[in-house]
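J.: Just so it is clear, I am handing over run-v6.cif, which has mmCIF, N, CA and C atoms.
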```cif
data_model
loop_
_atom_site.label_atom_id
_atom_site.label_comp_id
_atom_site.auth_asym_id
_atom_site.auth_seq_id
_atom_site.Cartn_x
_atom_site.Cartn_y
_atom_site.Cartn_z
N MET V 1 -2.92 -17.01 10.98
CA MET V 1 -3.14 -15.59 10.63
C MET V 1 -1.80 -14.96 10.29
N LEU V 2 -1.76 -14.19 9.25
CA LEU V 2 -0.55 -13.50 8.85
C LEU V 2 -0.28 -12.32 9.77
N THR V 3 0.96 -12.15 10.15
CA THR V 3 1.34 -10.98 10.91
C THR V 3 1.88 -9.95 9.93
N ILE V 4 1.25 -8.80 9.89
CA ILE V 4 1.65 -7.76 8.97
C ILE V 4 2.28 -6.63 9.77
N THR V 5 3.47 -6.26 9.39
CA THR V 5 4.11 -5.14 10.07
C THR V 5 4.23 -3.98 9.09
N THR V 6 4.15 -2.80 9.64
CA THR V 6 4.33 -1.61 8.82
C THR V 6 5.81 -1.45 8.57
N PRO V 7 6.24 -1.35 7.31
CA PRO V 7 7.67 -1.22 7.05
C PRO V 7 8.21 0.10 7.61
N THR V 8 9.44 0.05 8.02
CA THR V 8 10.08 1.26 8.50
C THR V 8 10.66 1.98 7.30
N LEU V 9 10.33 3.23 7.18
CA LEU V 9 10.83 4.03 6.07
C LEU V 9 11.82 5.04 6.61
N GLU V 10 12.76 5.39 5.79
CA GLU V 10 13.67 6.46 6.18
C GLU V 10 12.87 7.75 6.22
N PHE V 11 12.85 8.38 7.37
CA PHE V 11 12.06 9.59 7.53
C PHE V 11 12.89 10.78 7.10
N LYS V 12 12.40 11.55 6.15
CA LYS V 12 13.17 12.63 5.55
C LYS V 12 13.06 13.95 6.33
N ASN V 13 12.21 13.96 7.38
CA ASN V 13 12.03 15.15 8.21
C ASN V 13 11.62 16.38 7.38
N ARG V 14 10.73 16.15 6.45
CA ARG V 14 10.13 17.24 5.71
C ARG V 14 8.73 16.79 5.34
N GLY V 15 7.89 17.72 5.04
CA GLY V 15 6.52 17.34 4.73
C GLY V 15 5.76 17.04 6.01
N LEU V 16 5.27 15.83 6.14
CA LEU V 16 4.49 15.43 7.31
C LEU V 16 5.39 15.25 8.52
N THR V 17 4.81 15.40 9.72
CA THR V 17 5.57 15.07 10.93
C THR V 17 5.69 13.56 11.01
N ARG V 18 6.61 13.09 11.80
CA ARG V 18 6.79 11.64 11.97
C ARG V 18 5.49 11.00 12.46
N THR V 19 4.81 11.67 13.39
CA THR V 19 3.55 11.14 13.93
C THR V 19 2.48 11.09 12.86
N GLN V 20 2.35 12.17 12.07
CA GLN V 20 1.35 12.19 11.00
C GLN V 20 1.62 11.08 9.99
N LEU V 21 2.88 10.94 9.60
CA LEU V 21 3.24 9.91 8.63
C LEU V 21 2.91 8.53 9.18
N GLN V 22 3.25 8.28 10.44
CA GLN V 22 2.99 6.97 11.04
C GLN V 22 1.49 6.70 11.11
N GLN V 23 0.69 7.72 11.44
CA GLN V 23 -0.77 7.56 11.49
C GLN V 23 -1.31 7.16 10.13
N VAL V 24 -0.84 7.82 9.09
CA VAL V 24 -1.31 7.52 7.74
C VAL V 24 -0.85 6.13 7.30
N LEU V 25 0.40 5.79 7.55
CA LEU V 25 0.91 4.47 7.15
C LEU V 25 0.16 3.37 7.88
N ASP V 26 -0.08 3.56 9.17
CA ASP V 26 -0.83 2.55 9.93
C ASP V 26 -2.24 2.39 9.37
N TYR V 27 -2.86 3.51 9.01
CA TYR V 27 -4.21 3.49 8.44
C TYR V 27 -4.20 2.73 7.10
N ILE V 28 -3.23 3.03 6.27
CA ILE V 28 -3.12 2.35 4.98
C ILE V 28 -3.01 0.84 5.18
N HIS V 29 -2.13 0.43 6.07
CA HIS V 29 -1.90 -1.00 6.28
C HIS V 29 -3.12 -1.70 6.89
N ALA V 30 -3.87 -0.98 7.71
CA ALA V 30 -5.06 -1.56 8.32
C ALA V 30 -6.23 -1.67 7.33
N HIS V 31 -6.19 -0.86 6.27
CA HIS V 31 -7.31 -0.81 5.33
C HIS V 31 -6.90 -1.08 3.88
N LEU V 32 -5.83 -1.83 3.69
CA LEU V 32 -5.34 -2.10 2.33
C LEU V 32 -6.39 -2.75 1.44
N ASP V 33 -7.28 -3.52 2.05
CA ASP V 33 -8.28 -4.25 1.27
C ASP V 33 -9.38 -3.35 0.72
N ARG V 34 -9.42 -2.11 1.19
CA ARG V 34 -10.45 -1.16 0.75
C ARG V 34 -9.92 -0.22 -0.32
N ASP V 35 -10.86 0.44 -0.98
CA ASP V 35 -10.49 1.48 -1.93
C ASP V 35 -10.11 2.71 -1.12
N LEU V 36 -8.84 3.05 -1.09
CA LEU V 36 -8.35 4.16 -0.27
C LEU V 36 -8.22 5.41 -1.12
N SER V 37 -9.07 6.39 -0.86
CA SER V 37 -9.02 7.63 -1.62
C SER V 37 -8.06 8.61 -0.96
N LEU V 38 -7.60 9.55 -1.74
CA LEU V 38 -6.73 10.60 -1.24
C LEU V 38 -7.46 11.38 -0.14
N THR V 39 -8.74 11.63 -0.36
CA THR V 39 -9.55 12.36 0.63
C THR V 39 -9.58 11.60 1.95
N GLU V 40 -9.81 10.31 1.88
CA GLU V 40 -9.87 9.47 3.09
C GLU V 40 -8.54 9.51 3.84
N LEU V 41 -7.44 9.38 3.12
CA LEU V 41 -6.12 9.39 3.76
C LEU V 41 -5.82 10.76 4.39
N ALA V 42 -6.19 11.82 3.69
CA ALA V 42 -5.96 13.18 4.20
C ALA V 42 -6.78 13.42 5.47
N GLU V 43 -7.97 12.85 5.53
CA GLU V 43 -8.83 13.02 6.70
C GLU V 43 -8.23 12.39 7.96
N VAL V 44 -7.39 11.38 7.78
CA VAL V 44 -6.75 10.73 8.93
C VAL V 44 -5.98 11.76 9.76
N ILE V 45 -5.36 12.71 9.06
CA ILE V 45 -4.57 13.73 9.78
C ILE V 45 -5.14 15.14 9.60
N ASN V 46 -6.39 15.20 9.13
CA ASN V 46 -7.14 16.47 9.06
C ASN V 46 -6.47 17.56 8.23
N ILE V 47 -6.05 17.22 7.01
CA ILE V 47 -5.55 18.24 6.09
C ILE V 47 -6.20 18.03 4.72
N SER V 48 -6.09 19.01 3.84
CA SER V 48 -6.73 18.88 2.53
C SER V 48 -6.04 17.80 1.70
N PRO V 49 -6.79 17.13 0.83
CA PRO V 49 -6.21 16.07 0.00
C PRO V 49 -5.01 16.52 -0.84
N THR V 50 -5.10 17.69 -1.45
CA THR V 50 -4.01 18.17 -2.30
C THR V 50 -2.76 18.44 -1.48
N TYR V 51 -2.95 19.08 -0.35
CA TYR V 51 -1.82 19.38 0.54
C TYR V 51 -1.23 18.09 1.09
N PHE V 52 -2.11 17.16 1.45
CA PHE V 52 -1.65 15.86 1.96
C PHE V 52 -0.78 15.15 0.92
N ALA V 53 -1.25 15.09 -0.32
CA ALA V 53 -0.50 14.40 -1.38
C ALA V 53 0.89 14.99 -1.53
N SER V 54 0.97 16.31 -1.49
CA SER V 54 2.25 16.99 -1.62
C SER V 54 3.18 16.68 -0.44
N LEU V 55 2.65 16.77 0.78
CA LEU V 55 3.47 16.51 1.97
C LEU V 55 3.90 15.05 2.06
N PHE V 56 2.99 14.13 1.69
CA PHE V 56 3.31 12.71 1.72
C PHE V 56 4.48 12.42 0.79
N LYS V 57 4.40 12.95 -0.43
CA LYS V 57 5.46 12.73 -1.40
C LYS V 57 6.78 13.34 -0.94
N GLN V 58 6.74 14.50 -0.31
CA GLN V 58 7.96 15.10 0.25
C GLN V 58 8.55 14.21 1.34
N ALA V 59 7.67 13.61 2.13
CA ALA V 59 8.12 12.81 3.28
C ALA V 59 8.80 11.52 2.86
N ILE V 60 8.25 10.82 1.85
CA ILE V 60 8.83 9.50 1.51
C ILE V 60 9.14 9.32 0.03
N ASP V 61 9.14 10.41 -0.74
CA ASP V 61 9.54 10.38 -2.15
C ASP V 61 8.68 9.49 -3.06
N ILE V 62 7.43 9.28 -2.69
CA ILE V 62 6.53 8.50 -3.53
C ILE V 62 5.11 9.01 -3.26
N SER V 63 4.26 8.99 -4.29
CA SER V 63 2.89 9.47 -4.11
C SER V 63 2.11 8.51 -3.22
N PRO V 64 1.07 8.99 -2.56
CA PRO V 64 0.25 8.09 -1.73
C PRO V 64 -0.30 6.92 -2.54
N HIS V 65 -0.77 7.18 -3.75
CA HIS V 65 -1.32 6.11 -4.58
C HIS V 65 -0.27 5.03 -4.87
N GLN V 66 0.92 5.45 -5.27
CA GLN V 66 1.97 4.47 -5.58
C GLN V 66 2.39 3.71 -4.33
N TYR V 67 2.40 4.38 -3.18
CA TYR V 67 2.73 3.69 -1.93
C TYR V 67 1.70 2.60 -1.64
N VAL V 68 0.42 2.93 -1.80
CA VAL V 68 -0.64 1.95 -1.56
C VAL V 68 -0.47 0.75 -2.51
N ILE V 69 -0.22 1.02 -3.77
CA ILE V 69 -0.02 -0.06 -4.75
C ILE V 69 1.16 -0.94 -4.32
N GLN V 70 2.27 -0.32 -3.96
CA GLN V 70 3.46 -1.08 -3.50
C GLN V 70 3.12 -1.97 -2.32
N GLN V 71 2.40 -1.43 -1.35
CA GLN V 71 2.07 -2.20 -0.16
C GLN V 71 1.11 -3.33 -0.47
N ARG V 72 0.20 -3.11 -1.40
CA ARG V 72 -0.70 -4.19 -1.81
C ARG V 72 0.08 -5.32 -2.47
N VAL V 73 1.03 -4.96 -3.31
CA VAL V 73 1.86 -5.97 -3.97
C VAL V 73 2.70 -6.72 -2.93
N GLU V 74 3.26 -5.99 -1.96
CA GLU V 74 4.06 -6.65 -0.91
C GLU V 74 3.21 -7.62 -0.10
N ARG V 75 2.00 -7.21 0.26
CA ARG V 75 1.14 -8.10 1.03
C ARG V 75 0.74 -9.30 0.18
N ALA V 76 0.47 -9.09 -1.10
CA ALA V 76 0.12 -10.19 -1.99
C ALA V 76 1.29 -11.17 -2.09
N LYS V 77 2.50 -10.64 -2.18
CA LYS V 77 3.70 -11.48 -2.27
C LYS V 77 3.80 -12.39 -1.04
N LEU V 78 3.56 -11.81 0.13
CA LEU V 78 3.59 -12.57 1.38
C LEU V 78 2.51 -13.65 1.38
N MET V 79 1.32 -13.29 0.96
CA MET V 79 0.22 -14.25 0.94
C MET V 79 0.45 -15.37 -0.08
N LEU V 80 1.07 -15.04 -1.20
CA LEU V 80 1.37 -16.06 -2.21
C LEU V 80 2.32 -17.10 -1.65
N LYS V 81 3.27 -16.65 -0.82
CA LYS V 81 4.27 -17.56 -0.27
C LYS V 81 3.74 -18.33 0.93
N LYS V 82 2.84 -17.74 1.71
CA LYS V 82 2.44 -18.34 2.98
C LYS V 82 1.05 -18.96 3.01
N THR V 83 0.28 -18.76 1.95
CA THR V 83 -1.07 -19.36 1.91
C THR V 83 -1.24 -20.10 0.59
N ASP V 84 -2.31 -20.88 0.52
CA ASP V 84 -2.62 -21.53 -0.76
C ASP V 84 -3.92 -20.97 -1.35
N LEU V 85 -4.26 -19.75 -0.95
CA LEU V 85 -5.43 -19.09 -1.53
C LEU V 85 -5.23 -18.87 -3.03
N ALA V 86 -6.34 -18.86 -3.74
CA ALA V 86 -6.29 -18.59 -5.18
C ALA V 86 -5.78 -17.17 -5.39
N ILE V 87 -5.05 -16.96 -6.47
CA ILE V 87 -4.50 -15.64 -6.77
C ILE V 87 -5.62 -14.60 -6.87
N ALA V 88 -6.75 -14.98 -7.44
CA ALA V 88 -7.88 -14.04 -7.55
C ALA V 88 -8.38 -13.62 -6.17
N ASP V 89 -8.41 -14.56 -5.22
CA ASP V 89 -8.84 -14.24 -3.85
C ASP V 89 -7.83 -13.32 -3.17
N ILE V 90 -6.56 -13.59 -3.37
CA ILE V 90 -5.51 -12.74 -2.80
C ILE V 90 -5.64 -11.32 -3.36
N ALA V 91 -5.87 -11.22 -4.66
CA ALA V 91 -6.02 -9.90 -5.29
C ALA V 91 -7.10 -9.09 -4.60
N LEU V 92 -8.25 -9.71 -4.36
CA LEU V 92 -9.35 -9.00 -3.72
C LEU V 92 -9.04 -8.69 -2.26
N GLN V 93 -8.39 -9.60 -1.56
CA GLN V 93 -8.07 -9.38 -0.14
C GLN V 93 -7.06 -8.26 0.07
N VAL V 94 -6.21 -8.01 -0.90
CA VAL V 94 -5.22 -6.93 -0.74
C VAL V 94 -5.67 -5.63 -1.42
N GLY V 95 -6.90 -5.61 -1.95
CA GLY V 95 -7.46 -4.37 -2.43
C GLY V 95 -7.41 -4.10 -3.92
N PHE V 96 -7.01 -5.10 -4.71
CA PHE V 96 -7.04 -4.91 -6.16
C PHE V 96 -8.43 -5.26 -6.68
N ALA V 97 -8.84 -4.63 -7.75
CA ALA V 97 -10.18 -4.84 -8.31
C ALA V 97 -10.32 -6.22 -8.92
N SER V 98 -9.20 -6.79 -9.39
CA SER V 98 -9.26 -8.09 -10.07
C SER V 98 -7.87 -8.74 -10.05
N GLN V 99 -7.85 -10.00 -10.42
CA GLN V 99 -6.58 -10.70 -10.53
C GLN V 99 -5.70 -10.06 -11.61
N SER V 100 -6.31 -9.60 -12.70
CA SER V 100 -5.49 -9.02 -13.76
C SER V 100 -4.85 -7.69 -13.31
N HIS V 101 -5.57 -6.93 -12.49
CA HIS V 101 -5.00 -5.68 -11.97
C HIS V 101 -3.82 -6.01 -11.06
N LEU V 102 -3.98 -7.01 -10.19
CA LEU V 102 -2.87 -7.45 -9.33
C LEU V 102 -1.69 -7.88 -10.20
N THR V 103 -1.94 -8.71 -11.19
CA THR V 103 -0.86 -9.24 -12.04
C THR V 103 -0.12 -8.10 -12.75
N GLN V 104 -0.87 -7.14 -13.26
CA GLN V 104 -0.26 -6.00 -13.97
C GLN V 104 0.66 -5.22 -13.03
N GLN V 105 0.17 -4.87 -11.86
CA GLN V 105 0.97 -4.08 -10.91
C GLN V 105 2.11 -4.91 -10.32
N PHE V 106 1.84 -6.16 -10.08
CA PHE V 106 2.85 -7.07 -9.52
C PHE V 106 4.04 -7.18 -10.46
N LYS V 107 3.72 -7.40 -11.75
CA LYS V 107 4.79 -7.53 -12.75
C LYS V 107 5.56 -6.22 -12.92
N ARG V 108 4.84 -5.09 -12.87
CA ARG V 108 5.49 -3.78 -13.00
C ARG V 108 6.49 -3.56 -11.85
N LEU V 109 6.12 -3.96 -10.64
CA LEU V 109 6.96 -3.68 -9.49
C LEU V 109 8.02 -4.74 -9.20
N THR V 110 7.72 -6.01 -9.54
CA THR V 110 8.66 -7.08 -9.19
C THR V 110 9.34 -7.71 -10.40
N GLY V 111 8.78 -7.49 -11.59
CA GLY V 111 9.33 -8.12 -12.79
C GLY V 111 8.86 -9.56 -12.96
N MET V 112 8.01 -10.02 -12.04
CA MET V 112 7.48 -11.39 -12.13
C MET V 112 5.96 -11.35 -12.00
N THR V 113 5.33 -12.44 -12.38
CA THR V 113 3.89 -12.54 -12.17
C THR V 113 3.64 -13.21 -10.82
N PRO V 114 2.43 -13.04 -10.27
CA PRO V 114 2.13 -13.73 -9.00
C PRO V 114 2.34 -15.24 -9.10
N LYS V 115 1.97 -15.81 -10.23
CA LYS V 115 2.12 -17.26 -10.40
C LYS V 115 3.61 -17.67 -10.34
N GLN V 116 4.49 -16.84 -10.88
CA GLN V 116 5.93 -17.14 -10.82
C GLN V 116 6.45 -17.10 -9.38
N VAL V 117 5.91 -16.20 -8.59
CA VAL V 117 6.35 -16.10 -7.19
C VAL V 117 5.89 -17.32 -6.41
N ARG V 118 4.69 -17.75 -6.70
CA ARG V 118 4.15 -18.91 -5.99
C ARG V 118 4.92 -20.15 -6.40
#
```
Go ahead and express the file in the form of structure tokens.
T.:
Amino acid sequence: MLTITTPTLEFKNRGLTRTQLQQVLDYIHAHLDRDLSLTELAEVINISPTYFASLFKQAIDISPHQYVIQQRVERAKLMLKKTDLAIADIALQVGFASQSHLTQQFKRLTGMTPKQVR
């Protein structure tokens, strides 16, 4: 079984409280395989989706959606190195709709394709 840890981010002390941010990050990492909506993430800390998106971006300088994409790519990278699962299976397990969606985002963020990493 893969051990997944929540990355430590530099906390900017603006926007969300440290506790709120940690709750949301933990939720994201526990549910990466699902379609995570802004509404769902905002509900974790009981604030409106629009306000949540603004505070999240203030807290870590990236939108919630882009953070989720980054974390999915990071988890996929780990799985590519540590398992022999098919790339299409990894894509679905980390929450991408398809292997091509994973490949597109993976290449955008890392400059390589999943196959090159493997």
J.: Assuming the chain letters and numbering stay as they are in my file, what does the PyMOL selection byres ((chain V and resi 73-85) around 6.5) actually select? List them as a list of chain:residue names.
T.: V:Val68, V:Ile69, V:Gln70, V:Gln71, V:Arg72, V:Ala86, V:Ile87, V:Ala88, V:Asp89, V:Ile90, V:Val94, V:Gln105, V:Phe106, V:Val117, V:Arg118
J.: For CA of Tyr51 (chain V) and CA of Asp26 (chain V), determine how far apart the two atoms are, in Å to one decimal place.
T.: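 Answer for the CA of Tyr51 (chain V) to CA of Asp26 (chain V) separation: 19.3 Å.
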J.: Name the residues in contact with Ser37 (chain V) at a cut-off of 12 Å, using only C-alpha atoms, excluding same-chain residues fewer than 4 positions from it; report them as number ranges by chain.
T.: V: 27-28, 31-32, 41-44, 49-50, 52-53, 64-65, 68
J.: Write to file, as a CSV table (one decimal), keeping the file's coordinate frame, the residues of the selection just made, with N, CA and C atoms.
T.:
```
chain,number,residue,atom,x,y,z
V,27,TYR,N,-2.9,3.5,9.0
V,27,TYR,CA,-4.2,3.5,8.4
V,27,TYR,C,-4.2,2.7,7.1
V,28,ILE,N,-3.2,3.0,6.3
V,28,ILE,CA,-3.1,2.4,5.0
V,28,ILE,C,-3.0,0.8,5.2
V,31,HIS,N,-6.2,-0.9,6.3
V,31,HIS,CA,-7.3,-0.8,5.3
V,31,HIS,C,-6.9,-1.1,3.9
V,32,LEU,N,-5.8,-1.8,3.7
V,32,LEU,CA,-5.3,-2.1,2.3
V,32,LEU,C,-6.4,-2.8,1.4
V,41,LEU,N,-7.4,9.4,3.1
V,41,LEU,CA,-6.1,9.4,3.8
V,41,LEU,C,-5.8,10.8,4.4
V,42,ALA,N,-6.2,11.8,3.7
V,42,ALA,CA,-6.0,13.2,4.2
V,42,ALA,C,-6.8,13.4,5.5
V,43,GLU,N,-8.0,12.8,5.5
V,43,GLU,CA,-8.8,13.0,6.7
V,43,GLU,C,-8.2,12.4,8.0
V,44,VAL,N,-7.4,11.4,7.8
V,44,VAL,CA,-6.8,10.7,8.9
V,44,VAL,C,-6.0,11.8,9.8
V,49,PRO,N,-6.8,17.1,0.8
V,49,PRO,CA,-6.2,16.1,0.0
V,49,PRO,C,-5.0,16.5,-0.8
V,50,THR,N,-5.1,17.7,-1.4
V,50,THR,CA,-4.0,18.2,-2.3
V,50,THR,C,-2.8,18.4,-1.5
V,52,PHE,N,-2.1,17.2,1.4
V,52,PHE,CA,-1.6,15.9,2.0
V,52,PHE,C,-0.8,15.2,0.9
V,53,ALA,N,-1.2,15.1,-0.3
V,53,ALA,CA,-0.5,14.4,-1.4
V,53,ALA,C,0.9,15.0,-1.5
V,64,PRO,N,1.1,9.0,-2.6
V,64,PRO,CA,0.2,8.1,-1.7
V,64,PRO,C,-0.3,6.9,-2.5
V,65,HIS,N,-0.8,7.2,-3.8
V,65,HIS,CA,-1.3,6.1,-4.6
V,65,HIS,C,-0.3,5.0,-4.9
V,68,VAL,N,0.4,2.9,-1.8
V,68,VAL,CA,-0.6,2.0,-1.6
V,68,VAL,C,-0.5,0.8,-2.5
```
J.: So which one's closest to Gly15 (chain V), V:Ile45, V:Ala97, V:Leu55, V:Leu36? Using only N, CA and C atoms, please.
T.: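 The closest residue to Gly15 (chain V) is V:Leu55.
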J.: Between V:Gln99, V:Lys107, V:Ala59, V:Gln93, which has the minimum distance to Thr17 (chain V) (counting only N, CA and C atoms)?
T.: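 For Thr17 (chain V), the nearest of the candidates is V:Ala59.
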J.: Per DSSP on the backbone, what are the helix (DSSP H, G or I) residues of chain V, as a PyMOL selection string?
T.: chain V and resi 18-30+38-44+49-60+64-82+87-93+99-110+114-117
J.: Any idea what the distance is between CA of Leu25 (chain V) and CA of Thr110 (chain V)?
T.: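 Interatomic distance here is 21.5 Å.
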J.: Which is closest to Arg18 (chain V) among V:Ile60, V:Gly95, V:Ser54, V:Ile47, if we use only C-alpha atoms?
T.: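 When distances to Arg18 (chain V) are compared using only C-alpha atoms, the smallest one comes from V:Ile60.
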J.: I'd like the interatomic distance between CA of Lys57 (chain V) and CA of Thr113 (chain V), to a tenth of an Å.
T.: 27.5 Å
J.: Rank nothing, just name the residue among V:Leu109, V:Asp33, V:Pro114, V:Gln104 nearest to Leu92 (chain V), using only N, CA and C atoms.
T.: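 Closest to Leu92 (chain V) of all the choices is V:Asp33.
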J.: Using all atoms of region 84-88 of chain V that appear in the file, construct an axis-aligned enclosing box with 6 Å of padding on every side and provide its centre coordinates and edge lengths in Å, rounded to one decimal, as AutoDock Vina command-line options.
T.:
```
--center_x -5.3 --center_y -17.6 --center_z -3.5 --size_x 18.1 --size_y 19.9 --size_z 20.1
```
